[in-house]
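Just entry-v5.cif here, mmCIF, C-alpha atoms and all ligand atoms:
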data_target
#
loop_
_atom_site.label_atom_id
_atom_site.label_comp_id
_atom_site.auth_asym_id
_atom_site.auth_seq_id
_atom_site.Cartn_x
_atom_site.Cartn_y
_atom_site.Cartn_z
CA MET A 17 -61.72 12.43 26.00
CA GLU A 18 -58.84 13.85 28.02
CA LYS A 19 -58.83 12.67 31.64
CA HIS A 20 -57.10 14.26 34.65
CA GLU A 21 -56.51 13.41 38.32
CA VAL A 22 -57.68 16.84 39.44
CA VAL A 23 -59.64 19.38 37.42
CA ILE A 24 -60.07 22.87 38.86
CA VAL A 25 -62.79 25.05 37.33
CA GLY A 26 -61.82 28.72 37.61
CA ALA A 27 -58.45 30.49 37.84
CA GLY A 28 -59.29 33.01 40.56
CA PRO A 29 -57.46 33.24 43.92
CA ALA A 30 -59.19 30.05 45.17
CA GLY A 31 -58.47 27.92 42.09
CA LEU A 32 -54.88 29.10 41.67
CA THR A 33 -54.04 28.52 45.35
CA ALA A 34 -55.49 25.00 45.16
CA ALA A 35 -53.63 24.33 41.90
CA LYS A 36 -50.32 25.43 43.42
CA ARG A 37 -50.71 23.37 46.59
CA LEU A 38 -51.87 20.19 44.79
CA ALA A 39 -49.20 20.41 42.08
CA GLU A 40 -46.54 20.87 44.79
CA LYS A 41 -47.73 17.57 46.29
CA GLY A 42 -47.16 15.89 42.92
CA GLU A 43 -50.80 15.63 41.80
CA GLU A 44 -51.65 16.02 38.13
CA VAL A 45 -53.74 19.20 37.95
CA LEU A 46 -55.62 20.90 35.10
CA ILE A 47 -57.12 24.39 35.60
CA VAL A 48 -60.00 25.13 33.23
CA GLU A 49 -60.66 28.86 32.81
CA LYS A 50 -63.12 30.66 30.54
CA GLU A 51 -60.90 33.75 30.04
CA LYS A 52 -57.72 33.88 27.95
CA ASP A 53 -54.54 33.48 30.03
CA LYS A 54 -53.46 37.13 29.69
CA ASP A 55 -56.84 38.26 31.13
CA ILE A 56 -56.78 36.01 34.18
CA GLY A 57 -57.42 38.14 37.26
CA ASN A 58 -59.16 40.95 35.40
CA LYS A 59 -62.22 41.07 37.62
CA VAL A 60 -64.56 43.74 39.05
CA CYS A 61 -63.03 44.17 42.49
CA ALA A 62 -61.67 46.95 44.73
CA GLY A 63 -58.40 45.01 45.08
CA ALA A 64 -58.05 45.37 48.87
CA ILE A 65 -56.23 42.51 50.57
CA SER A 66 -56.78 42.24 54.31
CA PRO A 67 -54.01 41.43 56.83
CA LYS A 68 -55.26 37.81 56.89
CA THR A 69 -53.19 37.01 53.78
CA ILE A 70 -51.17 40.19 53.14
CA ASN A 71 -47.92 38.48 54.19
CA ILE A 72 -48.04 35.71 51.59
CA PHE A 73 -47.45 38.13 48.69
CA PRO A 74 -44.24 39.96 47.73
CA GLU A 75 -44.30 43.65 48.67
CA LYS A 76 -43.79 44.71 45.06
CA LEU A 77 -47.22 43.32 44.14
CA PHE A 78 -48.92 46.03 46.21
CA GLU A 79 -49.65 49.43 44.67
CA THR A 80 -50.03 50.95 48.10
CA PHE A 81 -50.79 50.14 51.75
CA THR A 82 -53.57 51.83 53.71
CA HIS A 83 -52.67 53.00 57.22
CA LYS A 84 -55.62 55.31 57.84
CA ILE A 85 -59.40 54.71 57.82
CA SER A 86 -62.22 57.17 58.42
CA PHE A 87 -65.57 55.74 59.43
CA PHE A 88 -68.57 58.05 58.92
CA THR A 89 -71.75 57.82 60.96
CA PRO A 90 -75.20 58.38 59.36
CA SER A 91 -74.96 62.14 59.97
CA LEU A 92 -71.35 62.10 58.69
CA LYS A 93 -69.52 62.38 62.01
CA GLU A 94 -65.99 61.21 61.26
CA LEU A 95 -64.10 58.68 63.34
CA THR A 96 -60.53 58.34 62.07
CA VAL A 97 -58.18 55.56 63.09
CA GLU A 98 -54.56 55.05 62.18
CA SER A 99 -52.15 52.19 62.49
CA GLU A 100 -48.50 51.52 61.82
CA LYS A 101 -49.38 48.13 60.39
CA PRO A 102 -51.53 48.39 57.23
CA PHE A 103 -55.31 47.88 57.30
CA MET A 104 -55.23 46.81 53.69
CA GLY A 105 -52.75 46.20 50.89
CA MET A 106 -54.08 47.47 47.56
CA VAL A 107 -53.43 45.47 44.39
CA SER A 108 -54.46 45.48 40.75
CA ARG A 109 -56.59 42.32 40.37
CA LEU A 110 -55.05 41.65 36.95
CA GLU A 111 -51.51 41.77 38.38
CA LEU A 112 -52.55 39.59 41.34
CA GLY A 113 -54.13 37.07 38.94
CA GLN A 114 -51.08 36.96 36.68
CA TYR A 115 -48.75 36.54 39.67
CA MET A 116 -50.83 33.69 41.14
CA LEU A 117 -51.15 32.01 37.72
CA ASP A 118 -47.40 32.09 37.30
CA GLU A 119 -46.92 30.51 40.73
CA ALA A 120 -49.42 27.72 39.96
CA LEU A 121 -47.85 26.94 36.57
CA LYS A 122 -44.32 26.98 38.06
CA SER A 123 -45.49 24.37 40.58
CA GLY A 124 -46.48 22.06 37.73
CA ALA A 125 -50.21 22.70 37.18
CA SER A 126 -51.51 23.00 33.58
CA LEU A 127 -53.98 25.54 32.22
CA LYS A 128 -56.71 25.16 29.61
CA ASP A 129 -57.76 28.76 29.01
CA ASN A 130 -60.54 30.19 26.85
CA CYS A 131 -62.66 27.18 27.86
CA GLU A 132 -65.98 27.81 29.61
CA VAL A 133 -67.44 24.92 31.57
CA LYS A 134 -71.13 24.78 30.68
CA LYS A 135 -72.10 21.22 31.53
CA ILE A 136 -71.12 18.89 34.35
CA ASP A 137 -72.04 15.23 34.55
CA VAL A 138 -71.51 14.37 38.19
CA LYS A 139 -72.18 10.62 37.67
CA GLU A 140 -69.94 10.21 34.62
CA LYS A 141 -67.39 12.66 36.13
CA THR A 142 -67.07 14.65 32.93
CA LEU A 143 -67.27 18.27 31.84
CA ASN A 144 -68.84 19.75 28.70
CA GLY A 145 -70.47 16.58 27.42
CA GLY A 146 -67.46 14.30 27.81
CA GLU A 147 -64.77 16.73 26.61
CA ILE A 148 -62.80 16.53 29.91
CA GLY A 149 -62.89 13.75 32.51
CA TYR A 150 -61.83 14.06 36.16
CA GLU A 151 -61.17 11.94 39.23
CA LYS A 152 -61.54 14.90 41.59
CA LEU A 153 -63.26 18.17 40.72
CA ILE A 154 -62.57 21.49 42.44
CA ALA A 155 -65.11 24.26 41.96
CA ALA A 156 -63.41 27.65 42.11
CA ASP A 157 -65.59 29.33 39.51
CA GLY A 158 -66.80 32.21 41.65
CA THR A 159 -70.21 33.49 42.69
CA THR A 160 -72.10 32.22 39.63
CA SER A 161 -70.49 28.77 39.95
CA VAL A 162 -71.86 26.19 37.51
CA VAL A 163 -70.52 23.40 39.72
CA ARG A 164 -72.40 24.69 42.78
CA LYS A 165 -75.53 24.82 40.62
CA ALA A 166 -74.96 21.24 39.37
CA LEU A 167 -74.89 20.14 43.02
CA GLY A 168 -78.31 21.77 43.48
CA LEU A 169 -77.04 24.39 45.95
CA LYS A 170 -78.60 27.85 45.85
CA ARG A 171 -76.56 31.00 46.40
CA LYS A 172 -76.94 34.19 48.43
CA GLU A 173 -74.92 37.24 47.49
CA PHE A 174 -73.46 40.37 49.00
CA LEU A 175 -74.11 42.69 46.02
CA CYS A 176 -71.26 45.11 45.26
CA PHE A 177 -70.94 47.93 42.73
CA GLN A 178 -68.01 50.25 42.08
CA TRP A 179 -66.49 52.99 39.95
CA THR A 180 -62.77 53.21 39.25
CA LEU A 181 -61.64 56.82 38.92
CA PRO A 182 -58.31 57.18 37.07
CA ASN A 183 -55.74 59.89 37.83
CA THR A 184 -57.20 60.50 41.28
CA THR A 185 -55.42 60.13 44.61
CA HIS A 186 -56.62 60.06 48.20
CA ASP A 187 -54.79 59.56 51.51
CA LYS A 188 -57.18 57.21 53.35
CA LEU A 189 -59.82 54.52 53.15
CA GLU A 190 -63.34 55.78 53.86
CA VAL A 191 -66.29 53.71 55.10
CA TYR A 192 -69.83 55.11 55.44
CA LEU A 193 -72.37 53.37 57.65
CA SER A 194 -76.11 54.00 57.93
CA PHE A 195 -78.78 51.42 58.65
CA THR A 196 -81.51 53.44 56.97
CA ARG A 197 -79.51 54.26 53.81
CA PHE A 198 -77.37 51.17 53.26
CA GLY A 199 -79.06 48.53 55.42
CA PHE A 200 -76.73 45.63 56.22
CA GLY A 201 -73.94 47.12 54.09
CA ALA A 202 -71.68 50.14 53.58
CA MET A 203 -70.46 52.72 51.08
CA TYR A 204 -66.68 53.03 50.66
CA LEU A 205 -63.65 54.63 49.01
CA PHE A 206 -60.45 52.63 48.48
CA PRO A 207 -57.27 54.56 47.60
CA HIS A 208 -54.79 52.94 45.18
CA ASP A 209 -51.63 54.59 43.81
CA ASP A 210 -52.92 56.82 41.00
CA TYR A 211 -56.59 55.87 41.06
CA ILE A 212 -59.37 55.36 43.58
CA VAL A 213 -62.27 52.93 43.78
CA ILE A 214 -65.63 54.18 45.05
CA GLY A 215 -68.47 51.79 45.68
CA GLY A 216 -70.79 50.05 48.03
CA GLY A 217 -72.38 46.76 48.82
CA GLY A 218 -74.78 44.95 51.04
CA ALA A 219 -76.44 41.65 51.76
CA ASP A 220 -80.04 42.78 51.94
CA PRO A 221 -81.96 41.79 48.80
CA ARG A 222 -84.99 43.80 49.96
CA ARG A 223 -83.12 47.10 49.58
CA PRO A 224 -82.96 48.17 45.88
CA ILE A 225 -79.31 48.31 44.88
CA LYS A 226 -80.17 50.93 42.23
CA ASP A 227 -81.10 53.52 44.90
CA PHE A 228 -77.94 52.73 46.86
CA ARG A 229 -75.82 53.07 43.69
CA ASP A 230 -77.42 56.36 42.63
CA TYR A 231 -77.01 57.80 46.13
CA THR A 232 -73.30 56.77 46.17
CA LYS A 233 -72.53 58.42 42.84
CA LYS A 234 -74.34 61.62 43.76
CA PHE A 235 -72.62 61.74 47.16
CA PHE A 236 -69.07 61.35 45.81
CA GLU A 237 -69.61 63.47 42.68
CA LYS A 238 -69.44 66.51 44.95
CA ARG A 239 -65.76 65.69 45.61
CA PHE A 240 -64.51 63.68 42.63
CA ASP A 241 -64.76 63.77 38.84
CA PHE A 242 -66.62 60.70 37.50
CA SER A 243 -66.34 61.64 33.81
CA SER A 244 -63.61 59.04 33.06
CA ALA A 245 -64.82 56.48 35.61
CA THR A 246 -65.41 52.83 34.70
CA TYR A 247 -68.32 51.04 36.36
CA GLY A 248 -68.78 47.40 37.35
CA ALA A 249 -70.93 45.31 39.67
CA ALA A 250 -71.10 41.71 40.85
CA GLY A 251 -71.94 39.58 43.85
CA VAL A 252 -69.84 38.01 46.60
CA SER A 253 -71.34 34.70 47.63
CA PHE A 254 -71.58 34.14 51.39
CA ASP A 255 -73.99 31.24 51.90
CA TYR A 256 -71.68 28.45 53.06
CA LYS A 257 -73.38 25.03 52.99
CA GLY A 258 -70.30 22.83 53.37
CA HIS A 259 -67.45 22.38 50.93
CA ARG A 260 -66.91 18.64 50.44
CA PHE A 261 -69.45 16.80 48.32
CA GLY A 262 -67.96 13.39 47.41
CA ASP A 263 -65.39 13.93 44.65
CA ILE A 264 -66.27 17.62 44.43
CA THR A 265 -64.80 20.38 46.60
CA LEU A 266 -66.18 23.94 46.58
CA LEU A 267 -63.76 26.80 47.29
CA GLY A 268 -63.87 30.61 47.47
CA ASP A 269 -67.06 32.29 46.26
CA ALA A 270 -68.27 29.01 44.72
CA GLY A 271 -68.37 27.61 48.25
CA GLY A 272 -69.97 30.72 49.78
CA PHE A 273 -66.80 31.66 51.69
CA GLY A 274 -67.22 35.44 51.07
CA ASN A 275 -67.42 37.60 54.19
CA LEU A 276 -71.00 38.67 54.84
CA ILE A 277 -70.01 41.66 56.99
CA THR A 278 -67.28 43.25 54.85
CA GLY A 279 -67.93 41.76 51.40
CA GLU A 280 -64.27 40.74 51.15
CA GLY A 281 -63.51 37.46 49.46
CA ILE A 282 -59.89 37.36 48.22
CA SER A 283 -58.41 36.22 51.54
CA GLN A 284 -61.36 33.87 52.10
CA ALA A 285 -60.84 32.31 48.65
CA ILE A 286 -57.12 31.76 49.32
CA LEU A 287 -57.73 30.47 52.85
CA SER A 288 -60.48 28.06 51.78
CA ALA A 289 -57.96 26.43 49.40
CA GLU A 290 -55.20 26.48 52.04
CA MET A 291 -57.62 24.89 54.53
CA GLU A 292 -58.18 21.96 52.18
CA PHE A 293 -54.78 21.50 50.57
CA GLY A 294 -52.24 23.36 52.73
CA SER A 295 -51.22 23.05 56.36
CA GLU A 296 -52.86 24.47 59.52
CA LYS A 297 -56.31 23.27 58.51
CA GLU A 298 -58.01 23.64 61.90
CA LYS A 299 -56.62 27.15 62.51
CA ILE A 300 -57.96 28.30 59.15
CA ARG A 301 -61.34 26.61 59.67
CA GLU A 302 -61.76 28.55 62.90
CA ARG A 303 -61.05 31.80 61.08
CA ILE A 304 -63.21 31.42 57.98
CA VAL A 305 -65.86 28.72 58.50
CA LEU A 306 -66.88 29.18 62.13
CA PRO A 307 -67.54 32.98 61.95
CA LYS A 308 -70.12 32.25 59.22
CA ARG A 309 -72.65 31.07 61.80
CA ARG A 310 -72.21 34.28 63.82
CA HIS A 311 -72.49 36.46 60.69
CA ASN A 312 -75.67 34.70 59.55
CA LEU A 313 -77.20 35.23 62.99
CA MET A 314 -76.31 38.94 62.76
CA LEU A 315 -77.98 39.16 59.34
CA ARG A 316 -81.09 37.43 60.67
CA GLY A 317 -81.13 39.83 63.65
CA TYR A 318 -80.78 42.79 61.32
CA ARG A 319 -83.68 41.57 59.14
CA ILE A 320 -85.97 41.25 62.16
CA ALA A 321 -84.94 44.76 63.28
CA ASP A 322 -85.59 46.04 59.75
CA THR A 323 -89.06 44.47 59.68
CA LEU A 324 -89.79 46.26 62.96
CA ASN A 325 -88.46 49.50 61.44
CA LEU A 326 -85.71 49.73 64.07
CA PRO A 327 -82.94 51.06 61.75
CA LYS A 328 -84.57 54.50 62.02
CA LEU A 329 -83.86 54.35 65.77
CA LEU A 330 -80.39 52.85 65.37
CA ASP A 331 -79.01 55.62 63.14
CA PRO A 332 -79.36 58.40 65.77
CA VAL A 333 -77.87 56.06 68.39
CA ALA A 334 -74.88 55.45 66.10
CA ASP A 335 -74.45 59.23 65.67
CA LYS A 336 -74.64 60.01 69.38
CA SER A 337 -72.33 57.22 70.48
CA ALA A 338 -69.59 57.69 67.86
CA GLY A 339 -67.37 59.62 70.30
CA ILE A 340 -67.75 56.97 72.98
CA PHE A 341 -66.62 54.27 70.58
CA GLN A 342 -63.56 56.16 69.26
CA SER A 343 -61.08 54.68 71.72
CA MET A 344 -62.66 51.23 71.61
CA VAL A 345 -62.41 51.19 67.82
CA GLN A 346 -58.82 52.48 67.93
CA ASN A 347 -57.66 50.04 70.59
CA ARG A 348 -59.66 46.87 70.08
CA VAL A 349 -61.12 46.77 66.57
CA VAL A 350 -58.06 48.24 64.87
CA ASN A 351 -55.58 46.10 66.78
CA SER A 352 -57.43 42.88 66.17
CA TRP A 353 -57.90 43.73 62.45
CA VAL A 354 -54.27 44.68 61.68
CA ASN A 355 -52.99 41.66 63.63
CA SER A 356 -55.42 39.21 62.04
CA GLU A 357 -52.91 37.46 59.77
CA VAL A 358 -53.70 33.77 59.34
CA LEU A 359 -50.77 32.86 57.09
C1 LIG A 401 -67.38 45.17 43.27
C2 LIG A 401 -66.61 44.17 44.08
C3 LIG A 401 -65.55 44.62 44.87
C4 LIG A 401 -64.83 43.69 45.65
N1 LIG A 401 -63.77 44.14 46.38
C5 LIG A 401 -63.07 43.27 47.14
C6 LIG A 401 -61.93 43.70 47.89
O1 LIG A 401 -61.53 44.86 47.85
N2 LIG A 401 -61.28 42.79 48.66
C7 LIG A 401 -61.66 41.47 48.72
O2 LIG A 401 -61.04 40.70 49.47
N3 LIG A 401 -62.70 41.03 47.98
C8 LIG A 401 -63.41 41.87 47.18
N4 LIG A 401 -64.44 41.42 46.42
C9 LIG A 401 -64.74 39.98 46.44
C10 LIG A 401 -63.71 39.19 45.62
O3 LIG A 401 -63.57 39.76 44.35
C11 LIG A 401 -64.15 37.71 45.48
O4 LIG A 401 -64.67 37.24 46.69
C12 LIG A 401 -62.95 36.84 45.07
O5 LIG A 401 -62.47 37.21 43.80
C13 LIG A 401 -63.36 35.37 45.06
O6 LIG A 401 -62.31 34.59 44.52
P1 LIG A 401 -62.63 33.20 43.81
O7 LIG A 401 -61.32 32.62 43.43
O8 LIG A 401 -63.54 32.40 44.65
O9 LIG A 401 -63.48 33.58 42.51
P2 LIG A 401 -63.17 34.60 41.32
O10 LIG A 401 -62.11 35.55 41.66
O11 LIG A 401 -64.50 35.13 40.91
O12 LIG A 401 -62.61 33.66 40.18
C14 LIG A 401 -63.45 32.76 39.48
C15 LIG A 401 -62.75 32.38 38.18
O13 LIG A 401 -63.55 31.37 37.53
C16 LIG A 401 -63.72 31.70 36.16
N5 LIG A 401 -64.98 31.08 35.73
C17 LIG A 401 -66.23 31.42 36.15
N6 LIG A 401 -67.14 30.60 35.58
C18 LIG A 401 -66.45 29.73 34.80
C19 LIG A 401 -66.83 28.65 33.97
N7 LIG A 401 -68.11 28.32 33.84
N8 LIG A 401 -65.87 27.98 33.29
C20 LIG A 401 -64.57 28.31 33.43
N9 LIG A 401 -64.13 29.34 34.21
C21 LIG A 401 -65.06 30.03 34.90
C22 LIG A 401 -63.73 33.23 36.15
O14 LIG A 401 -63.41 33.74 34.86
C23 LIG A 401 -62.67 33.55 37.20
O15 LIG A 401 -61.38 33.60 36.64
C24 LIG A 401 -65.17 42.31 45.63
C25 LIG A 401 -66.21 41.87 44.83
C26 LIG A 401 -66.93 42.78 44.05
C27 LIG A 401 -68.03 42.26 43.19
#
Can I see the file as structure tokens?
Ligand SMILES: Cc1cc2nc3c(=O)[nH]c(=O)nc-3n(C[C@H](O)[C@H](O)[C@H](O)COP(=O)(O)OP(=O)(O)OC[C@H]3O[C@@H](n4cnc5c(N)ncnc54)[C@H](O)[C@@H]3O)c2cc1C
Amino acid sequence: MEKHEVVIVGAGPAGLTAAKRLAEKGEEVLIVEKEKDKDIGNKVCAGAISPKTINIFPEKLFETFTHKISFFTPSLKELTVESEKPFMGMVSRLELGQYMLDEALKSGASLKDNCEVKKIDVKEKTLNGGEIGYEKLIAADGTTSVVRKALGLKRKEFLCFQWTLPNTTHDKLEVYLSFTRFGFGAMYLFPHDDYIVIGGGGADPRRPIKDFRDYTKKFFEKRFDFSSATYGAAGVSFDYKGHRFGDITLLGDAGGFGNLITGEGISQAILSAEMEFGSEKEKIRERIVLPKRRHNLMLRGYRIADTLNLPKLLDPVADKSAGIFQSMVQNRVVNSWVNSEVL
């Protein structure tokens, strides 16, 4: 049996950030990843990086930056906001993965690719029936984490689906909100350089995702050609139940760090690893762990409202008040979002 000081399961943004930080401190680190090395990063994702971590990457990694967002109310009233600082930096997930892998390996971490972890013996501290032993185990294996499952923790997901439309350009990010149509979620369009990503997501398991998906395709088909589109769907795990369990640490989606309101998880994955193994631990905790309680309360509030059939009343209110909120969104929401860098 091969034995390592630290074994990290999963080479996503969480695992690769942890690997880099620990290897820099001189720890002996093995990353175990089910995909082949050249495919690391190739994941169903819109590839939008929020200002929280935009500054840690070289500019050349970004295909484009988004400076303009249009929010649409349930009756499609448009509220457009612009900013000199970008709302999002758009990347190819494969290129992001390859860049982060390179950084982790340069720092001294090792990679065992093409190796799926199927079994964990928490008492013996081994993986796959004694094939690999560990002193410390880091779970960074995403939403369907086998390590989280071995610890007996359930998961709750923000379900996301998307189409990537090649050879298509657009000048702004679009977000569509409607309590009756999308529940506690949204439909969106993300512009990249020569392609766009159209999709949606939400955290309400009672609302059939199939209806949401069909509506989204039909809605956007009026404007864009889906004939060469590629489709994908997956969950973003948001149910944080703590991240330190003895010798095991849960990071990123495996730890439920995904954002329940926006469905974003790249920055949260990176920050969860930085919180554990980088500097500025308390500052990061305040930004990614503490909001979870507030978000969960909002979801609970929404579910009660939904049971009482209130979304039907909320949609017209959202339509009527869109104008009133224009300046508040421009001044407060936009400013706090574009200036939300943590690192
Ligand atoms: C449709 C969709 C769109 C999204 N768009 C955005 C977006 O625009 N911006 C944003 O910030 N977030 C987005 N997200 C969320 C984001 O993709 C995730 O939150 C983020 O990738 C989490 O990073 P992670 O490192 O925790 O896990 P992951 O990126 O999922 O990485 C996990 C790694 O572990 C490996 N692995 C899994 N199981 C095993 C195993 N058993 N053995 C070995 N290896 C294993 C996987 O192959 C993978 O490499 C989106 C998600 C979806 C589904």
Just checking: using only C-alpha atoms, which residue out of A:Asp331, A:Glu173, A:Asp187, A:Glu98 ends up closest to Glu280 in chain A?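 Looking at the shortest contact to Glu280 in chain A, the residue is A:Glu173.
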Check: Do you have the CA of His83 in chain A-CA of Gln346 in chain A distance handy?
Finding: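 Here the two named atoms are 12.4 Å from each other.
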Quiz item: Distance CA of Ile70 in chain A-CA of Gly42 in chain A, one decimal place?
Solution: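 About the pair CA of Ile70 in chain A and CA of Gly42 in chain A: they are 26.7 Å apart.
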Please report, as CSV, each residue of range 220-279 of chain A lying at most 12 Å from range 25-41 of chain A, together with the nearest pair of atoms and the separation in Å rounded to one decimal; use only C-alpha atoms, and order rows by chain and ascending residue number.
residue,atom,partner,partner_atom,distance
A:Ile264,CA,A:Val25,CA,10.9
A:Thr265,CA,A:Ala34,CA,10.5
A:Leu266,CA,A:Ala30,CA,9.4
A:Leu267,CA,A:Ala30,CA,6.0
A:Gly268,CA,A:Ala30,CA,5.2
A:Asp269,CA,A:Ala30,CA,8.3
A:Ala270,CA,A:Ala30,CA,9.2
A:Gly271,CA,A:Ala30,CA,10.0
A:Gly272,CA,A:Ala30,CA,11.7
A:Phe273,CA,A:Ala30,CA,10.1
A:Gly274,CA,A:Ala30,CA,11.3
Sorted per-residue table, chain A near ligand LIG 401 (chain A), closest atoms and distance, 7 Å, only C-alpha atoms and all ligand atoms, as CSV:
residue,atom,partner,partner_atom,distance
A:Val25,CA,A:LIG401,C20,5.4
A:Gly26,CA,A:LIG401,O13,3.2
A:Ala27,CA,A:LIG401,O15,4.4
A:Gly28,CA,A:LIG401,O12,3.4
A:Pro29,CA,A:LIG401,O7,3.9
A:Ala30,CA,A:LIG401,O7,3.8
A:Gly31,CA,A:LIG401,O7,5.7
A:Val48,CA,A:LIG401,C20,5.6
A:Glu49,CA,A:LIG401,N9,3.8
A:Lys50,CA,A:LIG401,C20,4.0
A:Glu51,CA,A:LIG401,O14,5.4
A:Ile56,CA,A:LIG401,O15,5.7
A:Gly57,CA,A:LIG401,O15,6.1
A:Lys59,CA,A:LIG401,O10,6.8
A:Val60,CA,A:LIG401,C1,5.3
A:Cys61,CA,A:LIG401,C3,3.5
A:Ala62,CA,A:LIG401,O1,3.8
A:Gly63,CA,A:LIG401,O1,4.2
A:Ala64,CA,A:LIG401,O1,3.7
A:Ile65,CA,A:LIG401,O2,5.3
A:Ser66,CA,A:LIG401,O2,6.6
A:Cys131,CA,A:LIG401,C20,6.0
A:Glu132,CA,A:LIG401,N8,3.7
A:Val133,CA,A:LIG401,N8,3.8
A:Lys134,CA,A:LIG401,N7,5.6
A:Ala156,CA,A:LIG401,O8,5.4
A:Asp157,CA,A:LIG401,O13,3.5
A:Gly158,CA,A:LIG401,O9,3.7
A:Thr159,CA,A:LIG401,O11,6.2
A:Thr160,CA,A:LIG401,N6,6.6
A:Ser161,CA,A:LIG401,N6,5.8
A:Val162,CA,A:LIG401,N7,5.7
A:Leu175,CA,A:LIG401,C27,6.7
A:Cys176,CA,A:LIG401,C1,4.4
A:Phe177,CA,A:LIG401,C1,4.5
A:Gln178,CA,A:LIG401,C1,5.3
A:Gly248,CA,A:LIG401,C1,6.5
A:Ala249,CA,A:LIG401,C1,5.1
A:Ala250,CA,A:LIG401,C27,3.9
A:Gly251,CA,A:LIG401,C27,4.8
A:Val252,CA,A:LIG401,O4,5.2
A:Leu267,CA,A:LIG401,O8,6.2
A:Gly268,CA,A:LIG401,O8,3.4
A:Asp269,CA,A:LIG401,O8,3.9
A:Ala270,CA,A:LIG401,O8,5.8
A:Gly274,CA,A:LIG401,O4,5.4
A:Gly279,CA,A:LIG401,N4,6.1
A:Glu280,CA,A:LIG401,N3,3.5
A:Gly281,CA,A:LIG401,O4,3.0
A:Ile282,CA,A:LIG401,O2,3.7
A:Ser283,CA,A:LIG401,O2,5.6
A:Ala285,CA,A:LIG401,O8,4.8
note - CA of Ile148 in chain A and CA of Glu18 in chain A are separated by 5.1 Å
Could you name the residues that touch range 299-304 of chain A at 7 Å or less, counting only C-alpha atoms, but leaving out those on the same chain fewer than 6 positions away, as a list in words?
Gln284, Leu287, Met291 and Val358 of chain A
Rank nothing, just name the residue among A:Leu193, A:Met106, A:Leu313, A:Val349 nearest to Val213 in chain A, using all atoms listed in the file.
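Result for the nearest residue to Val213 in chain A: A:Met106.
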Given 3 Å of margin on each side, can you work out the centre and size in Å (one decimal) of an axis-aligned box holding every listed atom of range 74-78 of chain A, as JSON?
{"center_x": -46.4, "center_y": 43.0, "center_z": 46.4, "size_x": 11.1, "size_y": 12.1, "size_z": 10.5}
For this session: Check the smallest atom-to-atom distance from each of A:Lys238, A:Val350, A:Arg109, A:Gly168 to Lys84 in chain A using all atoms listed in the file, then report the winner.
Result: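 Going through A:Lys238, A:Val350, A:Arg109, A:Gly168 one by one, the smallest distance to Lys84 in chain A is for A:Val350.
When all atoms listed in the file are used to measure the gap to Phe103 in chain A, the shortest distance among A:Asp230, A:Asp210, A:Glu190, A:Glu298 belongs to A:Glu190.
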Using only C-alpha atoms, the shortest atom-to-atom distance to Ile85 in chain A among A:His186, A:His311, A:Lys68, A:Lys141 belongs to A:His186
Quick one: residues within 10 Å of Val22 in chain A, only C-alpha atoms counted, chain neighbours fewer than 3 positions away excluded, as an mmCIF file with C-alpha atoms, in the frame of the given file?
data_model
loop_
_atom_site.group_PDB
_atom_site.id
_atom_site.type_symbol
_atom_site.label_atom_id
_atom_site.label_comp_id
_atom_site.auth_asym_id
_atom_site.auth_seq_id
_atom_site.Cartn_x
_atom_site.Cartn_y
_atom_site.Cartn_z
ATOM 1 C CA LYS A 19 -58.830 12.670 31.640
ATOM 2 C CA VAL A 25 -62.790 25.050 37.330
ATOM 3 C CA ALA A 35 -53.630 24.330 41.900
ATOM 4 C CA LEU A 38 -51.870 20.190 44.790
ATOM 5 C CA ALA A 39 -49.200 20.410 42.080
ATOM 6 C CA GLU A 43 -50.800 15.630 41.800
ATOM 7 C CA GLU A 44 -51.650 16.020 38.130
ATOM 8 C CA VAL A 45 -53.740 19.200 37.950
ATOM 9 C CA LEU A 46 -55.620 20.900 35.100
ATOM 10 C CA ILE A 47 -57.120 24.390 35.600
ATOM 11 C CA ALA A 125 -50.210 22.700 37.180
ATOM 12 C CA GLY A 149 -62.890 13.750 32.510
ATOM 13 C CA TYR A 150 -61.830 14.060 36.160
ATOM 14 C CA GLU A 151 -61.170 11.940 39.230
ATOM 15 C CA LYS A 152 -61.540 14.900 41.590
ATOM 16 C CA LEU A 153 -63.260 18.170 40.720
ATOM 17 C CA ILE A 154 -62.570 21.490 42.440
ATOM 18 C CA ASP A 263 -65.390 13.930 44.650
ATOM 19 C CA ILE A 264 -66.270 17.620 44.430
#
From the coordinates I just gave you, please extract range 78-94 of chain A so that only C-alpha atoms remain, then output it as a PDB file, in the first residue's frame.
ATOM      1  CA  PHE A  78     -10.178  35.102 -19.114  1.00  0.00           C
ATOM      2  CA  GLU A  79     -11.979  34.867 -22.449  1.00  0.00           C
ATOM      3  CA  THR A  80     -13.905  38.014 -21.683  1.00  0.00           C
ATOM      4  CA  PHE A  81     -15.120  40.264 -18.850  1.00  0.00           C
ATOM      5  CA  THR A  82     -18.772  41.197 -18.369  1.00  0.00           C
ATOM      6  CA  HIS A  83     -19.471  44.863 -17.624  1.00  0.00           C
ATOM      7  CA  LYS A  84     -23.204  44.903 -18.321  1.00  0.00           C
ATOM      8  CA  ILE A  85     -26.106  42.904 -16.826  1.00  0.00           C
ATOM      9  CA  SER A  86     -29.795  43.036 -17.684  1.00  0.00           C
ATOM     10  CA  PHE A  87     -32.223  41.739 -15.084  1.00  0.00           C
ATOM     11  CA  PHE A  88     -35.701  40.851 -16.386  1.00  0.00           C
ATOM     12  CA  THR A  89     -38.820  40.920 -14.228  1.00  0.00           C
ATOM     13  CA  PRO A  90     -41.572  38.262 -14.606  1.00  0.00           C
ATOM     14  CA  SER A  91     -43.289  40.331 -17.326  1.00  0.00           C
ATOM     15  CA  LEU A  92     -39.882  40.962 -18.964  1.00  0.00           C
ATOM     16  CA  LYS A  93     -39.341  44.559 -17.873  1.00  0.00           C
ATOM     17  CA  GLU A  94     -35.614  45.133 -18.317  1.00  0.00           C
TER      18      GLU A  94
END
